[in-house]
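Engineer: Dropping the structure in here first, questions after.
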Amino acid sequence: MSISVNIPKGTRDFLPYEMNRRNYIFSIIKKVFEQYGYTPIETPAMENLSTLMGKYGEEGDKLLFKILNSGDFLSNVDIGNKNSQQLTPLLCEKGLRYDLTVPFARFIVQHYNEITFPFKRYQIQPVWRADKPQKGRYREFYQCDVDVVGSKSMLNEVELLQIEDEIFTRLGINVVIQINNRKILAGIAHYIQAEDKIIDITVAIDKLDKIGLEKVKQELKSKNISDSSIEKLQPVFDISGSNEDKINQLKIILANSPIGLEGIAEVEEILYYLSNIRLNNEVAIELTLARGLNYYTSTIIEVKAKDIAFGSLSGGGRYDDLTGIFGIPNIPGVGISFGADRIYDVLLQLNAFPDIINKSIQAMFVNFGTTESYHALPIIQELRSKGISAMLYPEKAKIGKQFSYANTYNIPYVVMIGEEEIKNQCLLVKDMQTGKQQNLNVSELVALLSSQT
């Protein structure tokens, strides 16, 4: 009887060549993070639900994976007529993290006396969301976060934009780095006379790319935002031109909104610093950028690929009081997150992965039997000691089978040591791409393989 073996929807297995590609992405991101002076931390996959709930907004809370309490705890619980919200704390005390930012805020508070501020951290770990799986959207995926807490300086935003630019340049993806400011959005809410609906407005605007303008208007109307307010919002969406043009138009529209003008001034400061830095990718003000998460207070950032229609590849922003909900207020913070799985999919569609990353083994030694393997082992050991990846095929087999194995794993060189090579103290080395064969000594083989890394 056959058994159906599957993994949960929205999750993926990764074969060796896929892991090589993923590690290529992680390696570039990690290298840039460290180059800018950020240090690594890790937090648990699960957090107490009291840490997670209420931090992402109503819709975010619905996407939290909750973990059923262990043990026969229900035997002593009177469930009665409780609804799902009342049942949750009885059934589940913990959940899988939705992102890395809220657990980081908890981390800051818990380790407050062990940290020197400003604190610059990076974190590369998986997160989970009970979302509907679709193209570019998974239930389990990796985030690569970089944050600085304990500083209100806009120079932090400038540095994060530099990091965005450098990482996507190194990955070979042409992007546009979009920026906005939640204070500008608050000013817009004031302008359309719907200040008390700022959360509803940002949550709806954040869906603009996904559901379109008309459905966004319908959602705003369902939140009891008047038709006149919605109509006043349309011209704001239509603001266009250069960054300078957009700022000038915003200053007119938000002239009577102090918080809106404050947000404009913050964006201007960021653009001022950027004007003296050479970036490879465009930084553009995008007024429809809202970032639906409730904890953002100021700058918001999102990155999209130019050459392919896809969702955001990176995003983040400033959250100046996220730690306040855990008992220590007024610790400013700002950070960005890279979606490694989406970056992977974009590189795959653009055919932009370099060939060399699929060649984790540089040389394979053919196994002709016990005597030949005995002579091959010290040579392989010497190659490894010099940082060259090498392997011996583990058993004697037909040479065609061994060559096929090398081709499957994109091993560029196959080394043969038979009776003749042992006698002449040489190695027969085959380039698997060109088919060329040559006799080399060990030093010459080291030089050849070293030149390929």
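Residue numbering restarts at 1 for every chain of the structure tokens, chains are lettered A, B, ... in their displayed order, and ligands are numbered from 1 as they appear.
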List every residue of region 313-378 of chain A that DSSP, applied to the backbone of this structure, places in strand (DSSP E), and write the result as a PDB file with C-alpha atoms, in the first residue's frame.
Structural biologist:
```pdb
ATOM      1  CA  SER A 314      12.586  44.130   1.549  1.00  0.00           C
ATOM      2  CA  GLY A 315      10.867  46.550   3.857  1.00  0.00           C
ATOM      3  CA  GLY A 316      10.893  48.156   7.252  1.00  0.00           C
ATOM      4  CA  GLY A 317      10.857  51.444   9.037  1.00  0.00           C
ATOM      5  CA  ARG A 318      11.143  53.357  12.285  1.00  0.00           C
ATOM      6  CA  GLY A 333      14.510  51.981  16.772  1.00  0.00           C
ATOM      7  CA  VAL A 334      14.630  51.550  13.018  1.00  0.00           C
ATOM      8  CA  GLY A 335      15.212  48.482  10.894  1.00  0.00           C
ATOM      9  CA  ILE A 336      14.680  46.670   7.622  1.00  0.00           C
ATOM     10  CA  SER A 337      14.003  43.072   6.712  1.00  0.00           C
ATOM     11  CA  PHE A 338      15.004  41.138   3.595  1.00  0.00           C
ATOM     12  CA  GLY A 339      12.722  38.342   2.384  1.00  0.00           C
ATOM     13  CA  ALA A 363      37.351  17.894  -7.327  1.00  0.00           C
ATOM     14  CA  MET A 364      36.206  14.280  -7.124  1.00  0.00           C
ATOM     15  CA  PHE A 365      38.663  11.397  -7.046  1.00  0.00           C
TER      16      PHE A 365
END
```
Engineer: For the alpha helix (DSSP H) assignment from backbone DSSP, which residues of region 46-264 of chain A qualify? Please present them as an mmCIF file with N, CA and C atoms, in the first residue's frame.
Structural biologist:
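The result, stored in part.cif:
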```
data_model
loop_
_atom_site.group_PDB
_atom_site.id
_atom_site.type_symbol
_atom_site.label_atom_id
_atom_site.label_comp_id
_atom_site.auth_asym_id
_atom_site.auth_seq_id
_atom_site.Cartn_x
_atom_site.Cartn_y
_atom_site.Cartn_z
ATOM 1 N N LEU A 49 2.469 34.069 23.637
ATOM 2 C CA LEU A 49 1.459 34.802 22.857
ATOM 3 C C LEU A 49 1.260 36.214 23.399
ATOM 4 N N SER A 50 1.488 36.390 24.690
ATOM 5 C CA SER A 50 1.377 37.736 25.264
ATOM 6 C C SER A 50 2.405 38.687 24.657
ATOM 7 N N THR A 51 3.511 38.139 24.178
ATOM 8 C CA THR A 51 4.528 38.949 23.498
ATOM 9 C C THR A 51 4.081 39.323 22.093
ATOM 10 N N LEU A 52 3.423 38.377 21.412
ATOM 11 C CA LEU A 52 3.109 38.557 19.990
ATOM 12 C C LEU A 52 1.772 39.251 19.735
ATOM 13 N N GLY A 57 -1.587 44.414 14.634
ATOM 14 C CA GLY A 57 -2.910 44.805 14.183
ATOM 15 C C GLY A 57 -3.827 43.593 14.139
ATOM 16 N N GLU A 58 -5.096 43.847 13.943
ATOM 17 C CA GLU A 58 -6.096 42.777 13.970
ATOM 18 C C GLU A 58 -5.828 41.719 12.917
ATOM 19 N N GLU A 59 -5.443 42.142 11.704
ATOM 20 C CA GLU A 59 -5.222 41.184 10.629
ATOM 21 C C GLU A 59 -3.964 40.363 10.879
ATOM 22 N N GLY A 60 -2.921 41.020 11.422
ATOM 23 C CA GLY A 60 -1.693 40.294 11.733
ATOM 24 C C GLY A 60 -1.920 39.240 12.798
ATOM 25 N N ASP A 61 -2.727 39.557 13.802
ATOM 26 C CA ASP A 61 -3.012 38.590 14.873
ATOM 27 C C ASP A 61 -3.670 37.327 14.329
ATOM 28 N N LYS A 62 -4.496 37.485 13.289
ATOM 29 C CA LYS A 62 -5.174 36.323 12.695
ATOM 30 C C LYS A 62 -4.191 35.386 12.002
ATOM 31 N N SER A 84 -13.876 31.919 20.311
ATOM 32 C CA SER A 84 -12.486 31.590 19.963
ATOM 33 C C SER A 84 -11.478 32.488 20.681
ATOM 34 N N GLN A 85 -11.815 33.792 20.839
ATOM 35 C CA GLN A 85 -10.889 34.700 21.502
ATOM 36 C C GLN A 85 -10.737 34.347 22.976
ATOM 37 N N GLN A 86 -11.827 33.868 23.573
ATOM 38 C CA GLN A 86 -11.769 33.475 24.977
ATOM 39 C C GLN A 86 -11.073 32.126 25.154
ATOM 40 N N LEU A 87 -11.183 31.262 24.137
ATOM 41 C CA LEU A 87 -10.586 29.930 24.216
ATOM 42 C C LEU A 87 -9.069 29.952 24.024
ATOM 43 N N THR A 88 -8.603 30.896 23.192
ATOM 44 C CA THR A 88 -7.185 30.888 22.820
ATOM 45 C C THR A 88 -6.240 30.831 24.015
ATOM 46 N N PRO A 89 -6.411 31.701 25.040
ATOM 47 C CA PRO A 89 -5.474 31.634 26.165
ATOM 48 C C PRO A 89 -5.582 30.341 26.963
ATOM 49 N N LEU A 90 -6.743 29.653 26.874
ATOM 50 C CA LEU A 90 -6.894 28.378 27.566
ATOM 51 C C LEU A 90 -6.185 27.257 26.827
ATOM 52 N N LEU A 91 -6.182 27.346 25.501
ATOM 53 C CA LEU A 91 -5.591 26.287 24.671
ATOM 54 C C LEU A 91 -4.128 26.540 24.329
ATOM 55 N N THR A 101 10.950 41.409 14.443
ATOM 56 C CA THR A 101 11.017 42.727 15.077
ATOM 57 C C THR A 101 10.412 42.730 16.474
ATOM 58 N N VAL A 102 9.215 42.180 16.633
ATOM 59 C CA VAL A 102 8.590 42.162 17.957
ATOM 60 C C VAL A 102 9.409 41.312 18.935
ATOM 61 N N PRO A 103 9.856 40.107 18.547
ATOM 62 C CA PRO A 103 10.747 39.374 19.457
ATOM 63 C C PRO A 103 12.022 40.153 19.778
ATOM 64 N N PHE A 104 12.507 40.949 18.825
ATOM 65 C CA PHE A 104 13.693 41.768 19.092
ATOM 66 C C PHE A 104 13.395 42.827 20.146
ATOM 67 N N ALA A 105 12.193 43.431 20.077
ATOM 68 C CA ALA A 105 11.808 44.409 21.097
ATOM 69 C C ALA A 105 11.756 43.741 22.467
ATOM 70 N N ARG A 106 11.199 42.533 22.528
ATOM 71 C CA ARG A 106 11.193 41.772 23.785
ATOM 72 C C ARG A 106 12.610 41.498 24.253
ATOM 73 N N PHE A 107 13.493 41.142 23.322
ATOM 74 C CA PHE A 107 14.905 40.864 23.611
ATOM 75 C C PHE A 107 15.581 42.096 24.225
ATOM 76 N N ILE A 108 15.312 43.266 23.666
ATOM 77 C CA ILE A 108 15.917 44.514 24.156
ATOM 78 C C ILE A 108 15.525 44.760 25.610
ATOM 79 N N VAL A 109 14.229 44.590 25.903
ATOM 80 C CA VAL A 109 13.750 44.829 27.258
ATOM 81 C C VAL A 109 14.328 43.793 28.230
ATOM 82 N N GLN A 110 14.330 42.533 27.806
ATOM 83 C CA GLN A 110 14.802 41.460 28.683
ATOM 84 C C GLN A 110 16.305 41.571 28.975
ATOM 85 N N LEU A 155 20.404 59.550 10.326
ATOM 86 C CA LEU A 155 21.566 58.905 9.704
ATOM 87 C C LEU A 155 21.420 57.380 9.724
ATOM 88 N N ASN A 156 20.658 56.879 10.681
ATOM 89 C CA ASN A 156 20.398 55.435 10.716
ATOM 90 C C ASN A 156 19.595 55.004 9.489
ATOM 91 N N GLU A 157 18.579 55.808 9.140
ATOM 92 C CA GLU A 157 17.807 55.514 7.929
ATOM 93 C C GLU A 157 18.688 55.571 6.691
ATOM 94 N N VAL A 158 19.564 56.563 6.644
ATOM 95 C CA VAL A 158 20.470 56.700 5.500
ATOM 96 C C VAL A 158 21.331 55.452 5.373
ATOM 97 N N GLU A 159 21.859 54.966 6.499
ATOM 98 C CA GLU A 159 22.694 53.772 6.469
ATOM 99 C C GLU A 159 21.910 52.546 6.011
ATOM 100 N N LEU A 160 20.674 52.422 6.470
ATOM 101 C CA LEU A 160 19.854 51.284 6.051
ATOM 102 C C LEU A 160 19.551 51.335 4.559
ATOM 103 N N LEU A 161 19.338 52.538 4.027
ATOM 104 C CA LEU A 161 19.122 52.669 2.582
ATOM 105 C C LEU A 161 20.387 52.303 1.812
ATOM 106 N N GLN A 162 21.548 52.622 2.364
ATOM 107 C CA GLN A 162 22.814 52.205 1.749
ATOM 108 C C GLN A 162 22.932 50.679 1.746
ATOM 109 N N ILE A 163 22.518 50.063 2.855
ATOM 110 C CA ILE A 163 22.554 48.602 2.948
ATOM 111 C C ILE A 163 21.630 47.987 1.903
ATOM 112 N N GLU A 164 20.414 48.543 1.775
ATOM 113 C CA GLU A 164 19.488 48.054 0.734
ATOM 114 C C GLU A 164 20.162 48.122 -0.632
ATOM 115 N N ASP A 165 20.734 49.263 -0.938
ATOM 116 C CA ASP A 165 21.354 49.481 -2.244
ATOM 117 C C ASP A 165 22.498 48.502 -2.476
ATOM 118 N N GLU A 166 23.340 48.326 -1.472
ATOM 119 C CA GLU A 166 24.529 47.482 -1.660
ATOM 120 C C GLU A 166 24.167 46.010 -1.808
ATOM 121 N N ILE A 167 23.233 45.540 -1.000
ATOM 122 C CA ILE A 167 22.860 44.128 -1.085
ATOM 123 C C ILE A 167 22.246 43.799 -2.439
ATOM 124 N N PHE A 168 21.321 44.616 -2.912
ATOM 125 C CA PHE A 168 20.677 44.300 -4.193
ATOM 126 C C PHE A 168 21.633 44.514 -5.362
ATOM 127 N N THR A 169 22.593 45.418 -5.207
ATOM 128 C CA THR A 169 23.624 45.570 -6.237
ATOM 129 C C THR A 169 24.477 44.313 -6.313
ATOM 130 N N ARG A 170 24.885 43.805 -5.160
ATOM 131 C CA ARG A 170 25.711 42.586 -5.138
ATOM 132 C C ARG A 170 24.949 41.375 -5.657
ATOM 133 N N LEU A 171 23.636 41.345 -5.411
ATOM 134 C CA LEU A 171 22.819 40.236 -5.900
ATOM 135 C C LEU A 171 22.507 40.362 -7.389
ATOM 136 N N ARG A 182 5.187 57.678 8.147
ATOM 137 C CA ARG A 182 3.863 57.519 8.755
ATOM 138 C C ARG A 182 3.316 58.851 9.241
ATOM 139 N N LYS A 183 4.202 59.794 9.538
ATOM 140 C CA LYS A 183 3.731 61.125 9.955
ATOM 141 C C LYS A 183 3.094 61.852 8.774
ATOM 142 N N ILE A 184 3.632 61.605 7.578
ATOM 143 C CA ILE A 184 2.993 62.164 6.376
ATOM 144 C C ILE A 184 1.609 61.550 6.203
ATOM 145 N N LEU A 185 1.497 60.245 6.435
ATOM 146 C CA LEU A 185 0.202 59.584 6.322
ATOM 147 C C LEU A 185 -0.772 60.119 7.372
ATOM 148 N N ALA A 186 -0.241 60.400 8.580
ATOM 149 C CA ALA A 186 -1.089 60.993 9.615
ATOM 150 C C ALA A 186 -1.551 62.389 9.187
ATOM 151 N N GLY A 187 -0.644 63.122 8.516
ATOM 152 C CA GLY A 187 -1.010 64.434 7.991
ATOM 153 C C GLY A 187 -2.075 64.338 6.925
ATOM 154 N N ILE A 188 -1.974 63.308 6.083
ATOM 155 C CA ILE A 188 -2.985 63.094 5.045
ATOM 156 C C ILE A 188 -4.336 62.762 5.681
ATOM 157 N N ALA A 189 -4.308 61.946 6.752
ATOM 158 C CA ALA A 189 -5.549 61.620 7.470
ATOM 159 C C ALA A 189 -6.183 62.888 8.036
ATOM 160 N N HIS A 190 -5.339 63.801 8.528
ATOM 161 C CA HIS A 190 -5.838 65.094 9.020
ATOM 162 C C HIS A 190 -6.432 65.909 7.865
ATOM 163 N N TYR A 191 -5.760 65.878 6.724
ATOM 164 C CA TYR A 191 -6.195 66.643 5.547
ATOM 165 C C TYR A 191 -7.570 66.191 5.060
ATOM 166 N N ILE A 198 -6.642 56.665 11.207
ATOM 167 C CA ILE A 198 -5.320 56.529 10.611
ATOM 168 C C ILE A 198 -4.913 55.059 10.443
ATOM 169 N N ILE A 199 -5.229 54.213 11.421
ATOM 170 C CA ILE A 199 -4.860 52.795 11.308
ATOM 171 C C ILE A 199 -5.641 52.135 10.175
ATOM 172 N N ASP A 200 -6.945 52.401 10.103
ATOM 173 C CA ASP A 200 -7.769 51.838 9.018
ATOM 174 C C ASP A 200 -7.258 52.305 7.657
ATOM 175 N N ILE A 201 -6.853 53.571 7.582
ATOM 176 C CA ILE A 201 -6.361 54.127 6.314
ATOM 177 C C ILE A 201 -5.058 53.452 5.891
ATOM 178 N N THR A 202 -4.109 53.319 6.827
ATOM 179 C CA THR A 202 -2.817 52.717 6.460
ATOM 180 C C THR A 202 -2.971 51.248 6.111
ATOM 181 N N VAL A 203 -3.829 50.526 6.844
ATOM 182 C CA VAL A 203 -4.042 49.102 6.542
ATOM 183 C C VAL A 203 -4.627 48.947 5.142
ATOM 184 N N ALA A 204 -5.572 49.809 4.787
ATOM 185 C CA ALA A 204 -6.215 49.736 3.465
ATOM 186 C C ALA A 204 -5.243 50.134 2.359
ATOM 187 N N ILE A 205 -4.535 51.253 2.560
ATOM 188 C CA ILE A 205 -3.590 51.724 1.538
ATOM 189 C C ILE A 205 -2.508 50.683 1.278
ATOM 190 N N LEU A 208 -3.018 48.378 -1.644
ATOM 191 C CA LEU A 208 -3.295 48.986 -2.945
ATOM 192 C C LEU A 208 -2.771 48.138 -4.096
ATOM 193 N N ASP A 209 -1.519 47.652 -3.976
ATOM 194 C CA ASP A 209 -0.931 46.844 -5.042
ATOM 195 C C ASP A 209 -1.637 45.503 -5.211
ATOM 196 N N LYS A 210 -2.188 44.980 -4.114
ATOM 197 C CA LYS A 210 -2.769 43.645 -4.142
ATOM 198 C C LYS A 210 -4.207 43.648 -4.658
ATOM 199 N N ILE A 211 -5.015 44.660 -4.234
ATOM 200 C CA ILE A 211 -6.444 44.601 -4.554
ATOM 201 C C ILE A 211 -6.917 45.743 -5.440
ATOM 202 N N LEU A 213 -7.239 50.125 -6.503
ATOM 203 C CA LEU A 213 -7.762 51.343 -5.897
ATOM 204 C C LEU A 213 -9.235 51.232 -5.522
ATOM 205 N N GLU A 214 -10.056 50.664 -6.403
ATOM 206 C CA GLU A 214 -11.492 50.615 -6.137
ATOM 207 C C GLU A 214 -11.812 49.797 -4.891
ATOM 208 N N LYS A 215 -11.122 48.661 -4.730
ATOM 209 C CA LYS A 215 -11.376 47.834 -3.547
ATOM 210 C C LYS A 215 -10.832 48.489 -2.288
ATOM 211 N N VAL A 216 -9.744 49.260 -2.435
ATOM 212 C CA VAL A 216 -9.238 50.014 -1.288
ATOM 213 C C VAL A 216 -10.291 51.029 -0.860
ATOM 214 N N LYS A 217 -10.902 51.709 -1.831
ATOM 215 C CA LYS A 217 -11.957 52.683 -1.519
ATOM 216 C C LYS A 217 -13.139 51.998 -0.822
ATOM 217 N N GLN A 218 -13.487 50.791 -1.298
ATOM 218 C CA GLN A 218 -14.579 50.044 -0.679
ATOM 219 C C GLN A 218 -14.250 49.697 0.773
ATOM 220 N N GLU A 219 -12.999 49.304 1.002
ATOM 221 C CA GLU A 219 -12.593 48.959 2.364
ATOM 222 C C GLU A 219 -12.627 50.183 3.270
ATOM 223 N N LEU A 220 -12.159 51.314 2.746
ATOM 224 C CA LEU A 220 -12.207 52.556 3.528
ATOM 225 C C LEU A 220 -13.643 52.921 3.872
ATOM 226 N N LYS A 221 -14.530 52.740 2.899
ATOM 227 C CA LYS A 221 -15.950 53.055 3.131
ATOM 228 C C LYS A 221 -16.526 52.129 4.189
ATOM 229 N N SER A 222 -16.095 50.850 4.172
ATOM 230 C CA SER A 222 -16.602 49.893 5.166
ATOM 231 C C SER A 222 -16.140 50.237 6.577
ATOM 232 N N ASP A 227 -17.498 59.431 2.064
ATOM 233 C CA ASP A 227 -17.196 59.537 0.630
ATOM 234 C C ASP A 227 -16.365 60.776 0.335
ATOM 235 N N SER A 228 -16.669 61.876 1.026
ATOM 236 C CA SER A 228 -15.927 63.120 0.774
ATOM 237 C C SER A 228 -14.463 62.974 1.182
ATOM 238 N N SER A 229 -14.210 62.267 2.280
ATOM 239 C CA SER A 229 -12.829 62.034 2.714
ATOM 240 C C SER A 229 -12.094 61.149 1.722
ATOM 241 N N ILE A 230 -12.777 60.119 1.230
ATOM 242 C CA ILE A 230 -12.158 59.201 0.261
ATOM 243 C C ILE A 230 -11.834 59.940 -1.031
ATOM 244 N N GLU A 231 -12.730 60.836 -1.458
ATOM 245 C CA GLU A 231 -12.483 61.587 -2.681
ATOM 246 C C GLU A 231 -11.311 62.553 -2.514
ATOM 247 N N LYS A 232 -11.159 63.119 -1.327
ATOM 248 C CA LYS A 232 -10.027 64.020 -1.073
ATOM 249 C C LYS A 232 -8.700 63.257 -1.077
ATOM 250 N N LEU A 233 -8.778 61.947 -0.850
ATOM 251 C CA LEU A 233 -7.570 61.120 -0.819
ATOM 252 C C LEU A 233 -7.014 60.881 -2.219
ATOM 253 N N GLN A 234 -7.899 60.848 -3.220
ATOM 254 C CA GLN A 234 -7.486 60.539 -4.591
ATOM 255 C C GLN A 234 -6.383 61.458 -5.123
ATOM 256 N N PRO A 235 -6.492 62.798 -4.986
ATOM 257 C CA PRO A 235 -5.431 63.662 -5.504
ATOM 258 C C PRO A 235 -4.072 63.418 -4.849
ATOM 259 N N VAL A 236 -4.079 62.962 -3.604
ATOM 260 C CA VAL A 236 -2.819 62.658 -2.926
ATOM 261 C C VAL A 236 -2.128 61.490 -3.623
ATOM 262 N N PHE A 237 -2.908 60.479 -3.973
ATOM 263 C CA PHE A 237 -2.349 59.332 -4.691
ATOM 264 C C PHE A 237 -1.799 59.731 -6.059
ATOM 265 N N ASN A 243 11.299 63.518 -6.566
ATOM 266 C CA ASN A 243 11.144 63.592 -5.114
ATOM 267 C C ASN A 243 10.908 65.032 -4.658
ATOM 268 N N GLU A 244 11.636 65.949 -5.266
ATOM 269 C CA GLU A 244 11.481 67.361 -4.918
ATOM 270 C C GLU A 244 10.077 67.859 -5.266
ATOM 271 N N ASP A 245 9.573 67.452 -6.434
ATOM 272 C CA ASP A 245 8.218 67.841 -6.840
ATOM 273 C C ASP A 245 7.179 67.334 -5.835
ATOM 274 N N LYS A 246 7.330 66.086 -5.430
ATOM 275 C CA LYS A 246 6.378 65.482 -4.496
ATOM 276 C C LYS A 246 6.398 66.211 -3.161
ATOM 277 N N ILE A 247 7.585 66.533 -2.682
ATOM 278 C CA ILE A 247 7.707 67.246 -1.403
ATOM 279 C C ILE A 247 7.052 68.626 -1.489
ATOM 280 N N ASN A 248 7.279 69.315 -2.597
ATOM 281 C CA ASN A 248 6.690 70.650 -2.756
ATOM 282 C C ASN A 248 5.168 70.590 -2.783
ATOM 283 N N GLN A 249 4.623 69.581 -3.456
ATOM 284 C CA GLN A 249 3.166 69.441 -3.505
ATOM 285 C C GLN A 249 2.609 69.050 -2.135
ATOM 286 N N LEU A 250 3.346 68.192 -1.421
ATOM 287 C CA LEU A 250 2.911 67.786 -0.091
ATOM 288 C C LEU A 250 2.898 68.965 0.880
ATOM 289 N N LYS A 251 3.887 69.831 0.771
ATOM 290 C CA LYS A 251 3.954 70.988 1.673
ATOM 291 C C LYS A 251 2.728 71.880 1.526
ATOM 292 N N ILE A 252 2.180 71.942 0.332
ATOM 293 C CA ILE A 252 0.965 72.739 0.111
ATOM 294 C C ILE A 252 -0.245 72.037 0.721
ATOM 295 N N ILE A 253 -0.372 70.731 0.432
ATOM 296 C CA ILE A 253 -1.539 69.971 0.905
ATOM 297 C C ILE A 253 -1.548 69.871 2.432
ATOM 298 N N PRO A 258 0.835 69.995 11.465
ATOM 299 C CA PRO A 258 2.186 69.985 12.049
ATOM 300 C C PRO A 258 2.871 68.626 11.955
ATOM 301 N N ILE A 259 2.122 67.550 12.213
ATOM 302 C CA ILE A 259 2.748 66.235 12.156
ATOM 303 C C ILE A 259 3.112 65.861 10.721
ATOM 304 N N GLY A 260 2.261 66.273 9.762
ATOM 305 C CA GLY A 260 2.582 66.014 8.356
ATOM 306 C C GLY A 260 3.838 66.740 7.929
ATOM 307 N N LEU A 261 3.977 67.992 8.333
ATOM 308 C CA LEU A 261 5.173 68.776 7.996
ATOM 309 C C LEU A 261 6.425 68.196 8.660
ATOM 310 N N GLU A 262 6.246 67.645 9.861
ATOM 311 C CA GLU A 262 7.363 67.003 10.545
ATOM 312 C C GLU A 262 7.846 65.784 9.747
ATOM 313 N N GLY A 263 6.905 65.022 9.242
ATOM 314 C CA GLY A 263 7.262 63.865 8.418
ATOM 315 C C GLY A 263 7.970 64.275 7.142
ATOM 316 N N ILE A 264 7.494 65.368 6.510
ATOM 317 C CA ILE A 264 8.153 65.882 5.302
ATOM 318 C C ILE A 264 9.589 66.287 5.608
#
```
Engineer: As a ChimeraX atom specification, please: the residues near region 301-305 of chain A (cut-off 7 Å, only C-alpha atoms, same-chain neighbours under 5 positions excluded).
Structural biologist: /A:173-180,310-317
Engineer: Between A:Pro118, A:Gly418, A:Gly10, A:Pro354, which residue has the minimum interatomic distance to Tyr374 (chain A), considering only C-alpha atoms?
Structural biologist: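 Closest to Tyr374 (chain A), using only C-alpha atoms: A:Gly418.
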Engineer: What is the distance between CA of Asn410 (chain A) and CA of Lys359 (chain A), in Å to one decimal?
Structural biologist: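 Those two atoms sit 5.4 Å apart.
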Engineer: With distances taken over only C-alpha atoms, which residue among A:Tyr393, A:Tyr413, A:Phe117, A:Tyr17 lies nearest Pro332 (chain A)?
Structural biologist: A:Phe117
Engineer: Between CA of Ala352 (chain A) and CA of Val127 (chain A), what is the spacing in Å?
Structural biologist: 25.7 Å
Engineer: I want to know what sits within 12 Å of Asp320 (chain A), based on only C-alpha atoms, with residues of the same chain fewer than 2 positions away left out; could you give that as a list of chain:residue names?
Structural biologist: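 Near neighbours after the sequence-gap exclusion: A:Ala105, A:Val148, A:Val149, A:Gly150, A:Ser151, A:Lys152, A:Ser153, A:Arg182, A:Asn294, A:Tyr295, A:Tyr296, A:Thr297, A:Ser298, A:Thr299, A:Gly317, A:Arg318, A:Leu322, A:Thr323, A:Gly324, A:Ile325, A:Ile328, A:Pro329, A:Asn330, A:Ile331, A:Pro332, A:Gly333, A:Val334, A:Gly335.
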Engineer: From the options A:Leu274, A:Gly172, A:Leu427, A:Pro8, which residue's atoms come nearest to Lys132 (chain A), counting only C-alpha atoms?
Structural biologist: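 Selected residue with least distance to Lys132 (chain A): A:Pro8.
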Engineer: Could you tell me which of A:Leu348, A:Ile357, A:Ile300, A:Met46 comes closest to Asn20 (chain A) if we count only C-alpha atoms?
Structural biologist: A:Ile357
Engineer: For Gln433 (chain A), work out the shell of residues within 10 Å, counting only C-alpha atoms and skipping chain neighbours fewer than 3 positions away, then give it as a PyMOL selection string.
Structural biologist: chain A and resi 407+410-413+430+436
